[in-house]
Amino acid sequence: MSFNSTISESLVMSNELLHSPLDIAATSAIGSFSSLTDPLQHNLSLSGSSAALPVNQSLNNTISTATNLGTIAGRVVQTGSVSSLDPIDFVRFQLGSTSDLSLTLTGLTADADLRLIQDVNNNGIAEFTETIAFSLTSGTNPESINLSNLHAGNYFVRVNQFSGSTNYTLTLTADAAGKTLVSARNLGIVAGLQSFNDFVGDNDTQDFYRFRLETSSNLSLSLSGLSDDADLQIIQDRNFNGTIDSGEIIHSATYGSNTSESINLANLATGNYFARVYRYGSANTNYTLNIGTPSSFFSNFNIYDASGDTSHNTVFQGGAIRLSYSLASGVSAYGVGLQAIGSDGTITNLGSWSHSSMSNVIVNLANFTEMAAGTYTLRAIAYGTGGVPVSSGTTSLGVLGWRQTNGSFTADTFSYGSVLGTGAVFLGRGGTDTLNLGIDRTQVSSINGLDLSTFDPWTNSTRSQATFRGSSFDFIHLMDGREIYIQGIENLLFSDGSRFELQIRTNDTHYGQQWNLRVSDVDSAWRFTHGSSNVLLASLDTGSLTVYGADLPISRLITNSTTDDNADSGHGHMAVSVMASSANNMTGVTGINWNSNVYVQDVYGSTSINLQQAIQQVINYARDRNMRVVFQGGIQGESWLNNGGTQAQLGNVSDVLFEVK
């Protein structure tokens with residue numbers, strides 16, 4: 001027999017019934033038990049006036065050691081077992097609000113019973129008189145208790161053995177939301193964010209929540225934590241009477257499977273509303289309903305030029321921008337998109353993301369050829385699975401048209417003029433190149449974000465460069481808002497004939513004669529690096545004249561007794577000087593690389609080592625120190641490549657870079 005009860009005095013068992021030997025009068029006091037053959041024996045095994053406790057007790061077979069499930073909202077499943085050695089299990093739980101409660105005991109292979117006890121004093125010491133419901137179905141039939149409007153508080157479930165040993169599955173389902181519009185859980189006036197946990201499924205297919213908006217408000221609802229398919233609706237109570245016609249459903253979210261649902265609405269009118277959560281098909285699932293009235297759907301939205309220059313609200317056509325956004329607390333969306341609105345109202349969708357927050361996402365405008373030069377309004381859009389998309393605030397972005405001017409491999413002078421538009425790109429390709437701006441110095445706002453008076457090629461000139469099409473550029477801002485990107489330009493020329501140097505010049509004696517440095521733009525490269533200590537330079541040539549080392553960094557030369565070049569004009573010595581001489585010391589020539597060590601090996605005068613052996617030595621040295629290698633070799637003709645082996649064997653020595661000079 002299954003005993004399903006509602007809370008009323010007729011369901012509260014007396015102290016005598018539960019704590020004393022039952023007599024005929026007590027048994028007849030609950031006529032629903034008259035069909036039991038022996039309610040005394042089926043309920044409790046008693047000796048005198050109290051139940052006999054088992055000798056062997058598990059940790060949860062007393063109220064004080066009950067397994068604590070915490071506050072339950074929705075469905076919780078607990079498994080266990082009872083037997084003659086462990087006849088009783090207790091489970092403790094809390095209800096956070098008035099709820100309907102369903103308890104079931106299933107999976108039985110022997111007879112076990114179910115009891116619900118209320119901890120009236122919330123102190124964990126419950127009297128038997130506090131038992132409020134039980135189920136005593138015979139045999140292996142499931143046990144169940146169903147109660148309506150159970151008050152918030154602390155409760156215990158007792159599972160006890162009647163005969164035999166059995167595993168069991170105890171399912172607790174607490175439903176604080178009403179199953180009808182009339183019984184909907186009343187949330188009152190919604191302001192800020194509120195969250196509710198509950199369950200929909202068998203015997204509880206839908207839940208209703210009633211709420212009110214006192215002013216026209218943005219509204220966000222989301223349904224998350226789903227293990228099966230459930231859907232979401234907003235219903236407006238137009239008549240303020242709690243009776244809703246189907247036509248008053250104003251928005252639905254019906255994503256499939258266990259995907260979270262969301263509805264985001266802007267400027268919803270003052271009035272009474274219902275949120276309906278309902279299962280799809282035969283689904284059974286817990287859920288979390290979040291409902292809130294954010295002042296804005298986005299707590300953060302920011303767009304700026306990704307080039308790295310200082311004009312954050314303008315970008316060259318085909319350039320890139322950075323996007324950052326965050327949805328406001330409580331706002332849920334399955335996607336967030338970025339839109340650019342042109343002056344003619346045309347909308348370009350620039351991308352979409354599934355995260356509630358993103359930081360510094362790169363958006364490449366080169367993928368959107370329709371974004372010609374002009375001013376655009378950008379906004380983020382949150383897409384819910386129901387309702388209408390809602391937007392962030394907006395920001396303005398100027399897209400600058402530009403023209404590129406390319407130089408030759410000799411020294412060039414470029415002329416800049418307004419005909420080039422608001423954006424211009426100049427690309428020098430060799431030699432000492434000059435850009436004639438044709439304006440006064442005072443018309444330059446900044447270069448690389450610096451005033452002309454503070455720009456120093458030796459120290460700070462590359463701290464803030466622009467990135468354009470995968471390469472670094474110096475950028476110049478003019479006072480009238482025009483922008484200029486330059487690369488490989490060594491000098492700026494102004495209308496008064498004065499020059500402003502961008503490259504590094506050293507004070508070494510013969511620097512002015514080193515045309516090779518300017519042809520290859522090395523003096524511009526020094527703004528970025530003077531060489532790296534993890535790169536090994538290797539000279540496999542005539543060696544180096546180490547006795548004359550005034551301008552050669554002896555501490556950086558890796559030599560041996562066979563590498564001294566005794567010829568004053570030896571090719572190896574000159575090559576090492578060009579590669580690595582000390583710079584800006586008012587002596588001799590300027591080396592290209594001021595920091596890297598140089599491995600010197602004479603492969604001409606030495607009889608003990610050939611070219612291929614020397615290459616292998618350098619590779620072994622570099623690998624032992626985790627260094628990269630740049631080779632310089634004094635190779636004379638094809639036959640020299642066979643020094644120590646065939647050319648095929650030389651190619652197999654290593655796949656490192658081999659420079660022939």
# chains A, B, ... in the order shown; residues from 1 in each chain; ligands from 1
$ select_by_dssp --residues "range 292-524 of chain A" --states "helix (DSSP H, G or I)" --output "number ranges by chain"
A: 365-367, 418-420, 441-443, 452-454, 511-513, 515-519, 522-524
$ write_last_selection --atoms "N, CA and C atoms" --output "PDB file, in the first residue's frame"
ATOM      1  N   LEU A 365      39.645  43.914 -41.104  1.00  0.00           N
ATOM      2  CA  LEU A 365      38.738  44.589 -42.030  1.00  0.00           C
ATOM      3  C   LEU A 365      39.075  44.300 -43.493  1.00  0.00           C
ATOM      4  N   ALA A 366      40.249  43.707 -43.741  1.00  0.00           N
ATOM      5  CA  ALA A 366      40.583  43.339 -45.115  1.00  0.00           C
ATOM      6  C   ALA A 366      39.611  42.298 -45.662  1.00  0.00           C
ATOM      7  N   ASN A 367      38.898  41.601 -44.763  1.00  0.00           N
ATOM      8  CA  ASN A 367      37.905  40.609 -45.185  1.00  0.00           C
ATOM      9  C   ASN A 367      36.589  41.250 -45.607  1.00  0.00           C
ATOM     10  N   SER A 418      48.545  66.837 -50.215  1.00  0.00           N
ATOM     11  CA  SER A 418      47.168  66.534 -49.837  1.00  0.00           C
ATOM     12  C   SER A 418      46.465  65.655 -50.858  1.00  0.00           C
ATOM     13  N   VAL A 419      47.011  65.565 -52.075  1.00  0.00           N
ATOM     14  CA  VAL A 419      46.382  64.740 -53.100  1.00  0.00           C
ATOM     15  C   VAL A 419      46.368  63.272 -52.684  1.00  0.00           C
ATOM     16  N   LEU A 420      47.233  62.911 -51.764  1.00  0.00           N
ATOM     17  CA  LEU A 420      47.297  61.521 -51.313  1.00  0.00           C
ATOM     18  C   LEU A 420      46.177  61.179 -50.336  1.00  0.00           C
ATOM     19  N   ARG A 441      57.515  72.336 -39.573  1.00  0.00           N
ATOM     20  CA  ARG A 441      57.615  71.383 -38.466  1.00  0.00           C
ATOM     21  C   ARG A 441      56.429  71.490 -37.502  1.00  0.00           C
ATOM     22  N   THR A 442      55.938  72.697 -37.331  1.00  0.00           N
ATOM     23  CA  THR A 442      54.867  72.902 -36.348  1.00  0.00           C
ATOM     24  C   THR A 442      53.564  72.226 -36.756  1.00  0.00           C
ATOM     25  N   GLN A 443      53.468  71.804 -38.031  1.00  0.00           N
ATOM     26  CA  GLN A 443      52.254  71.135 -38.475  1.00  0.00           C
ATOM     27  C   GLN A 443      52.265  69.633 -38.200  1.00  0.00           C
ATOM     28  N   LEU A 452      58.361  65.757 -31.928  1.00  0.00           N
ATOM     29  CA  LEU A 452      59.636  65.726 -32.646  1.00  0.00           C
ATOM     30  C   LEU A 452      60.820  65.994 -31.719  1.00  0.00           C
ATOM     31  N   SER A 453      60.626  66.822 -30.725  1.00  0.00           N
ATOM     32  CA  SER A 453      61.732  67.193 -29.831  1.00  0.00           C
ATOM     33  C   SER A 453      62.157  66.049 -28.921  1.00  0.00           C
ATOM     34  N   THR A 454      61.307  65.042 -28.731  1.00  0.00           N
ATOM     35  CA  THR A 454      61.632  63.930 -27.831  1.00  0.00           C
ATOM     36  C   THR A 454      61.930  62.632 -28.578  1.00  0.00           C
ATOM     37  N   TYR A 511      82.766  55.582 -40.831  1.00  0.00           N
ATOM     38  CA  TYR A 511      81.331  55.299 -41.036  1.00  0.00           C
ATOM     39  C   TYR A 511      80.797  55.965 -42.306  1.00  0.00           C
ATOM     40  N   GLY A 512      81.230  57.167 -42.576  1.00  0.00           N
ATOM     41  CA  GLY A 512      80.736  57.883 -43.741  1.00  0.00           C
ATOM     42  C   GLY A 512      81.065  57.210 -45.058  1.00  0.00           C
ATOM     43  N   GLN A 513      82.083  56.345 -45.062  1.00  0.00           N
ATOM     44  CA  GLN A 513      82.485  55.658 -46.284  1.00  0.00           C
ATOM     45  C   GLN A 513      81.784  54.303 -46.453  1.00  0.00           C
ATOM     46  N   TRP A 515      79.135  52.789 -47.512  1.00  0.00           N
ATOM     47  CA  TRP A 515      77.928  52.905 -48.322  1.00  0.00           C
ATOM     48  C   TRP A 515      77.052  51.660 -48.209  1.00  0.00           C
ATOM     49  N   ASN A 516      77.696  50.505 -47.915  1.00  0.00           N
ATOM     50  CA  ASN A 516      76.937  49.251 -47.839  1.00  0.00           C
ATOM     51  C   ASN A 516      75.880  49.292 -46.739  1.00  0.00           C
ATOM     52  N   LEU A 517      76.164  50.010 -45.652  1.00  0.00           N
ATOM     53  CA  LEU A 517      75.201  50.083 -44.547  1.00  0.00           C
ATOM     54  C   LEU A 517      73.938  50.819 -44.975  1.00  0.00           C
ATOM     55  N   ARG A 518      74.120  51.895 -45.747  1.00  0.00           N
ATOM     56  CA  ARG A 518      72.958  52.673 -46.142  1.00  0.00           C
ATOM     57  C   ARG A 518      72.175  52.008 -47.283  1.00  0.00           C
ATOM     58  N   VAL A 519      72.901  51.325 -48.160  1.00  0.00           N
ATOM     59  CA  VAL A 519      72.214  50.631 -49.247  1.00  0.00           C
ATOM     60  C   VAL A 519      71.277  49.560 -48.688  1.00  0.00           C
ATOM     61  N   VAL A 522      70.904  49.252 -42.948  1.00  0.00           N
ATOM     62  CA  VAL A 522      71.337  48.752 -41.647  1.00  0.00           C
ATOM     63  C   VAL A 522      71.207  49.828 -40.576  1.00  0.00           C
ATOM     64  N   ASP A 523      71.505  51.086 -40.941  1.00  0.00           N
ATOM     65  CA  ASP A 523      71.421  52.155 -39.943  1.00  0.00           C
ATOM     66  C   ASP A 523      69.988  52.388 -39.476  1.00  0.00           C
ATOM     67  N   SER A 524      68.995  51.964 -40.260  1.00  0.00           N
ATOM     68  CA  SER A 524      67.607  51.993 -39.782  1.00  0.00           C
ATOM     69  C   SER A 524      67.312  50.770 -38.914  1.00  0.00           C
TER      70      SER A 524
END
$ select_by_dssp --residues "range 228-465 of chain A" --states "strand (DSSP E or B)" --output "number ranges by chain"
A: 230-237, 249-253, 261-268, 271-279, 285-292, 298-305, 314-316, 320-327, 335-341, 347-353, 357-364, 374-383, 386-387, 390-400, 402-406, 413-415, 423-427, 434-436, 444-447, 450
$ residues_around --residues "range 153-169 of chain A" --least-positions-apart "5" --cutoff "9 Å" --atoms "only C-alpha atoms" --output "PyMOL selection string"
chain A and resi 41-45+61+63+66+71+77-84+86-98+103-124+126+131+138-139
$ residues_around --residues "range 195-206 of chain A" --least-positions-apart "5" --cutoff "10 Å" --atoms "only C-alpha atoms" --output "PyMOL selection string"
chain A and resi 72-76+102+173-180+221-226+228-232+276-292+330
$ atom_distance --atom1 "CA of Tyr304 in chain A" --atom2 "CA of Gly417 in chain A"
27.2 Å
$ atom_distance --atom1 "CA of Ser262 in chain A" --atom2 "CA of Gly192 in chain A"
16.5 Å
$ atom_distance --atom1 "CA of Ser581 in chain A" --atom2 "CA of Ser472 in chain A"
28.0 Å
$ closest_residue --among "A:Ile250, A:Ile439, A:Leu557, A:Ile484" --to "Gln233 in chain A" --atoms "only C-alpha atoms"
A:Ile250
$ closest_residue --among "A:Thr590, A:Gln616, A:Asn566, A:Ser183" --to "Asp602 in chain A" --atoms "only C-alpha atoms"
A:Asn566
$ closest_residue --among "A:Val336, A:Ala269, A:Leu540, A:Leu378" --to "Met358 in chain A" --atoms "only C-alpha atoms"
A:Val336
$ residues_around --residues "Gly588 in chain A" --least-positions-apart "3" --cutoff "12 Å" --atoms "only C-alpha atoms" --output "ChimeraX atom specification"
/A:506-514,548-552,574,577-578,580-585,591
$ residues_around --residues "range 492-496 of chain A" --least-positions-apart "3" --cutoff "8 Å" --atoms "only C-alpha atoms" --output "ChimeraX atom specification"
/A:434-441,489,499-502
$ write_last_selection --atoms "all heavy atoms" --output "short mmCIF file (atom, residue, chain, number, x, y, z; two decimals), in the first residue's frame"
data_model
loop_
_atom_site.label_atom_id
_atom_site.label_comp_id
_atom_site.auth_asym_id
_atom_site.auth_seq_id
_atom_site.Cartn_x
_atom_site.Cartn_y
_atom_site.Cartn_z
N THR A 434 64.37 59.87 -48.41
CA THR A 434 63.88 61.09 -47.77
C THR A 434 62.42 61.30 -48.14
O THR A 434 62.03 61.11 -49.30
CB THR A 434 64.70 62.31 -48.21
OG1 THR A 434 66.06 62.13 -47.82
CG2 THR A 434 64.16 63.58 -47.58
N LEU A 435 61.61 61.68 -47.15
CA LEU A 435 60.23 62.08 -47.39
C LEU A 435 60.12 63.58 -47.23
O LEU A 435 60.33 64.12 -46.14
CB LEU A 435 59.28 61.37 -46.41
CG LEU A 435 57.81 61.82 -46.47
CD1 LEU A 435 57.22 61.56 -47.86
CD2 LEU A 435 56.98 61.13 -45.40
N ASN A 436 59.83 64.27 -48.34
CA ASN A 436 59.64 65.71 -48.31
C ASN A 436 58.18 65.98 -47.96
O ASN A 436 57.28 65.83 -48.79
CB ASN A 436 59.98 66.32 -49.67
CG ASN A 436 59.85 67.84 -49.68
OD1 ASN A 436 59.57 68.46 -48.66
ND2 ASN A 436 60.06 68.44 -50.85
N LEU A 437 57.94 66.39 -46.70
CA LEU A 437 56.57 66.64 -46.25
C LEU A 437 56.01 67.93 -46.84
O LEU A 437 54.79 68.09 -46.95
CB LEU A 437 56.53 66.70 -44.72
CG LEU A 437 56.77 65.36 -44.00
CD1 LEU A 437 56.86 65.58 -42.50
CD2 LEU A 437 55.66 64.38 -44.32
N GLY A 438 56.89 68.89 -47.16
CA GLY A 438 56.43 70.13 -47.76
C GLY A 438 55.65 71.02 -46.80
O GLY A 438 54.88 71.89 -47.25
N ILE A 439 55.80 70.80 -45.50
CA ILE A 439 55.08 71.59 -44.49
C ILE A 439 56.07 72.06 -43.43
O ILE A 439 57.21 71.61 -43.38
CB ILE A 439 53.96 70.77 -43.82
CG1 ILE A 439 54.53 69.52 -43.19
CG2 ILE A 439 52.87 70.42 -44.84
CD1 ILE A 439 53.53 68.68 -42.42
N ASP A 440 55.63 72.95 -42.59
CA ASP A 440 56.45 73.41 -41.48
C ASP A 440 56.45 72.37 -40.37
O ASP A 440 55.49 71.60 -40.21
CB ASP A 440 55.91 74.74 -40.95
CG ASP A 440 56.87 75.38 -39.97
OD1 ASP A 440 57.87 75.96 -40.42
OD2 ASP A 440 56.60 75.27 -38.76
N ARG A 441 57.52 72.34 -39.57
CA ARG A 441 57.61 71.38 -38.47
C ARG A 441 56.43 71.49 -37.50
O ARG A 441 56.00 70.50 -36.92
CB ARG A 441 58.90 71.62 -37.67
CG ARG A 441 60.16 71.14 -38.36
CD ARG A 441 61.40 71.55 -37.57
NE ARG A 441 62.62 71.06 -38.19
CZ ARG A 441 63.36 70.05 -37.71
NH1 ARG A 441 62.99 69.44 -36.59
NH2 ARG A 441 64.46 69.67 -38.33
N ILE A 489 62.30 54.87 -44.43
CA ILE A 489 62.56 56.30 -44.66
C ILE A 489 63.54 56.77 -43.59
O ILE A 489 63.29 56.60 -42.39
CB ILE A 489 61.26 57.12 -44.60
CG1 ILE A 489 60.24 56.59 -45.60
CG2 ILE A 489 61.56 58.60 -44.83
CD1 ILE A 489 60.67 56.71 -47.04
N ARG A 499 66.12 69.20 -42.08
CA ARG A 499 65.93 67.76 -42.10
C ARG A 499 65.78 67.22 -40.68
O ARG A 499 66.31 67.79 -39.73
CB ARG A 499 67.12 67.06 -42.78
CG ARG A 499 67.19 67.29 -44.27
CD ARG A 499 68.41 66.59 -44.89
NE ARG A 499 68.42 66.76 -46.34
CZ ARG A 499 67.86 65.90 -47.19
NH1 ARG A 499 67.27 64.79 -46.72
NH2 ARG A 499 67.90 66.12 -48.48
N PHE A 500 65.06 66.12 -40.60
CA PHE A 500 64.91 65.41 -39.33
C PHE A 500 65.30 63.96 -39.58
O PHE A 500 64.68 63.27 -40.40
CB PHE A 500 63.45 65.50 -38.84
CG PHE A 500 63.23 64.90 -37.48
CD1 PHE A 500 63.48 65.62 -36.34
CD2 PHE A 500 62.79 63.59 -37.35
CE1 PHE A 500 63.27 65.07 -35.08
CE2 PHE A 500 62.58 63.02 -36.12
CZ PHE A 500 62.83 63.76 -34.97
N GLU A 501 66.39 63.49 -38.92
CA GLU A 501 66.90 62.17 -39.18
C GLU A 501 66.18 61.11 -38.34
O GLU A 501 65.99 61.29 -37.12
CB GLU A 501 68.41 62.11 -38.90
CG GLU A 501 69.23 62.88 -39.92
CD GLU A 501 70.71 62.58 -39.80
OE1 GLU A 501 71.13 62.06 -38.75
OE2 GLU A 501 71.45 62.86 -40.76
N LEU A 502 65.83 60.01 -38.99
CA LEU A 502 65.17 58.90 -38.31
C LEU A 502 66.11 57.72 -38.06
O LEU A 502 65.82 56.88 -37.21
CB LEU A 502 63.97 58.40 -39.14
CG LEU A 502 62.93 59.44 -39.54
CD1 LEU A 502 61.84 58.78 -40.38
CD2 LEU A 502 62.33 60.09 -38.31
#
$ residues_around --residues "Thr529 in chain A" --least-positions-apart "4" --cutoff "12 Å" --atoms "only C-alpha atoms" --output "PDB file with N, CA, C and O atoms, in the first residue's frame"
ATOM      1  N   PRO A 457      66.313  58.242 -32.173  1.00  0.00           N
ATOM      2  CA  PRO A 457      66.485  56.943 -32.831  1.00  0.00           C
ATOM      3  C   PRO A 457      67.245  55.924 -31.985  1.00  0.00           C
ATOM      4  O   PRO A 457      67.061  54.715 -32.158  1.00  0.00           O
ATOM      5  N   TRP A 458      68.090  56.380 -31.062  1.00  0.00           N
ATOM      6  CA  TRP A 458      68.880  55.464 -30.242  1.00  0.00           C
ATOM      7  C   TRP A 458      68.063  54.822 -29.123  1.00  0.00           C
ATOM      8  O   TRP A 458      68.405  53.728 -28.654  1.00  0.00           O
ATOM      9  N   THR A 459      67.009  55.472 -28.654  1.00  0.00           N
ATOM     10  CA  THR A 459      66.371  54.997 -27.419  1.00  0.00           C
ATOM     11  C   THR A 459      64.882  54.684 -27.556  1.00  0.00           C
ATOM     12  O   THR A 459      64.443  53.581 -27.244  1.00  0.00           O
ATOM     13  N   SER A 461      62.532  55.394 -30.318  1.00  0.00           N
ATOM     14  CA  SER A 461      61.838  55.601 -31.593  1.00  0.00           C
ATOM     15  C   SER A 461      60.940  54.434 -31.995  1.00  0.00           C
ATOM     16  O   SER A 461      60.069  54.594 -32.855  1.00  0.00           O
ATOM     17  N   THR A 462      61.140  53.248 -31.428  1.00  0.00           N
ATOM     18  CA  THR A 462      60.347  52.079 -31.849  1.00  0.00           C
ATOM     19  C   THR A 462      59.397  51.583 -30.761  1.00  0.00           C
ATOM     20  O   THR A 462      58.806  50.516 -30.900  1.00  0.00           O
ATOM     21  N   ILE A 504      69.984  55.792 -37.265  1.00  0.00           N
ATOM     22  CA  ILE A 504      71.091  55.947 -36.318  1.00  0.00           C
ATOM     23  C   ILE A 504      72.373  56.229 -37.090  1.00  0.00           C
ATOM     24  O   ILE A 504      72.684  55.533 -38.072  1.00  0.00           O
ATOM     25  N   VAL A 522      70.904  49.252 -42.948  1.00  0.00           N
ATOM     26  CA  VAL A 522      71.337  48.752 -41.647  1.00  0.00           C
ATOM     27  C   VAL A 522      71.207  49.828 -40.576  1.00  0.00           C
ATOM     28  O   VAL A 522      70.838  49.554 -39.426  1.00  0.00           O
ATOM     29  N   ASP A 523      71.505  51.086 -40.941  1.00  0.00           N
ATOM     30  CA  ASP A 523      71.421  52.155 -39.943  1.00  0.00           C
ATOM     31  C   ASP A 523      69.988  52.388 -39.476  1.00  0.00           C
ATOM     32  O   ASP A 523      69.757  52.954 -38.406  1.00  0.00           O
ATOM     33  N   SER A 524      68.995  51.964 -40.260  1.00  0.00           N
ATOM     34  CA  SER A 524      67.607  51.993 -39.782  1.00  0.00           C
ATOM     35  C   SER A 524      67.312  50.770 -38.914  1.00  0.00           C
ATOM     36  O   SER A 524      66.565  50.854 -37.928  1.00  0.00           O
ATOM     37  N   ALA A 525      67.927  49.639 -39.267  1.00  0.00           N
ATOM     38  CA  ALA A 525      67.709  48.417 -38.477  1.00  0.00           C
ATOM     39  C   ALA A 525      68.261  48.554 -37.071  1.00  0.00           C
ATOM     40  O   ALA A 525      67.751  47.930 -36.130  1.00  0.00           O
ATOM     41  N   SER A 533      72.763  38.009 -28.457  1.00  0.00           N
ATOM     42  CA  SER A 533      73.767  37.115 -27.873  1.00  0.00           C
ATOM     43  C   SER A 533      73.476  35.647 -28.150  1.00  0.00           C
ATOM     44  O   SER A 533      74.342  34.801 -27.948  1.00  0.00           O
ATOM     45  N   ILE A 592      78.263  45.696 -38.289  1.00  0.00           N
ATOM     46  CA  ILE A 592      76.810  45.536 -38.442  1.00  0.00           C
ATOM     47  C   ILE A 592      76.192  45.026 -37.147  1.00  0.00           C
ATOM     48  O   ILE A 592      75.150  45.504 -36.705  1.00  0.00           O
ATOM     49  N   ASN A 593      76.850  44.051 -36.516  1.00  0.00           N
ATOM     50  CA  ASN A 593      76.322  43.391 -35.316  1.00  0.00           C
ATOM     51  C   ASN A 593      77.244  43.706 -34.155  1.00  0.00           C
ATOM     52  O   ASN A 593      78.435  43.388 -34.189  1.00  0.00           O
ATOM     53  N   TRP A 594      76.687  44.322 -33.092  1.00  0.00           N
ATOM     54  CA  TRP A 594      77.516  44.805 -31.985  1.00  0.00           C
ATOM     55  C   TRP A 594      77.517  43.869 -30.777  1.00  0.00           C
ATOM     56  O   TRP A 594      78.209  44.152 -29.790  1.00  0.00           O
ATOM     57  N   ASN A 595      76.755  42.790 -30.819  1.00  0.00           N
ATOM     58  CA  ASN A 595      76.587  41.955 -29.620  1.00  0.00           C
ATOM     59  C   ASN A 595      76.940  40.485 -29.804  1.00  0.00           C
ATOM     60  O   ASN A 595      77.307  39.815 -28.834  1.00  0.00           O
ATOM     61  N   SER A 596      76.796  39.950 -30.998  1.00  0.00           N
ATOM     62  CA  SER A 596      76.992  38.510 -31.191  1.00  0.00           C
ATOM     63  C   SER A 596      78.477  38.141 -31.197  1.00  0.00           C
ATOM     64  O   SER A 596      79.327  38.910 -31.674  1.00  0.00           O
TER      65      SER A 596
END
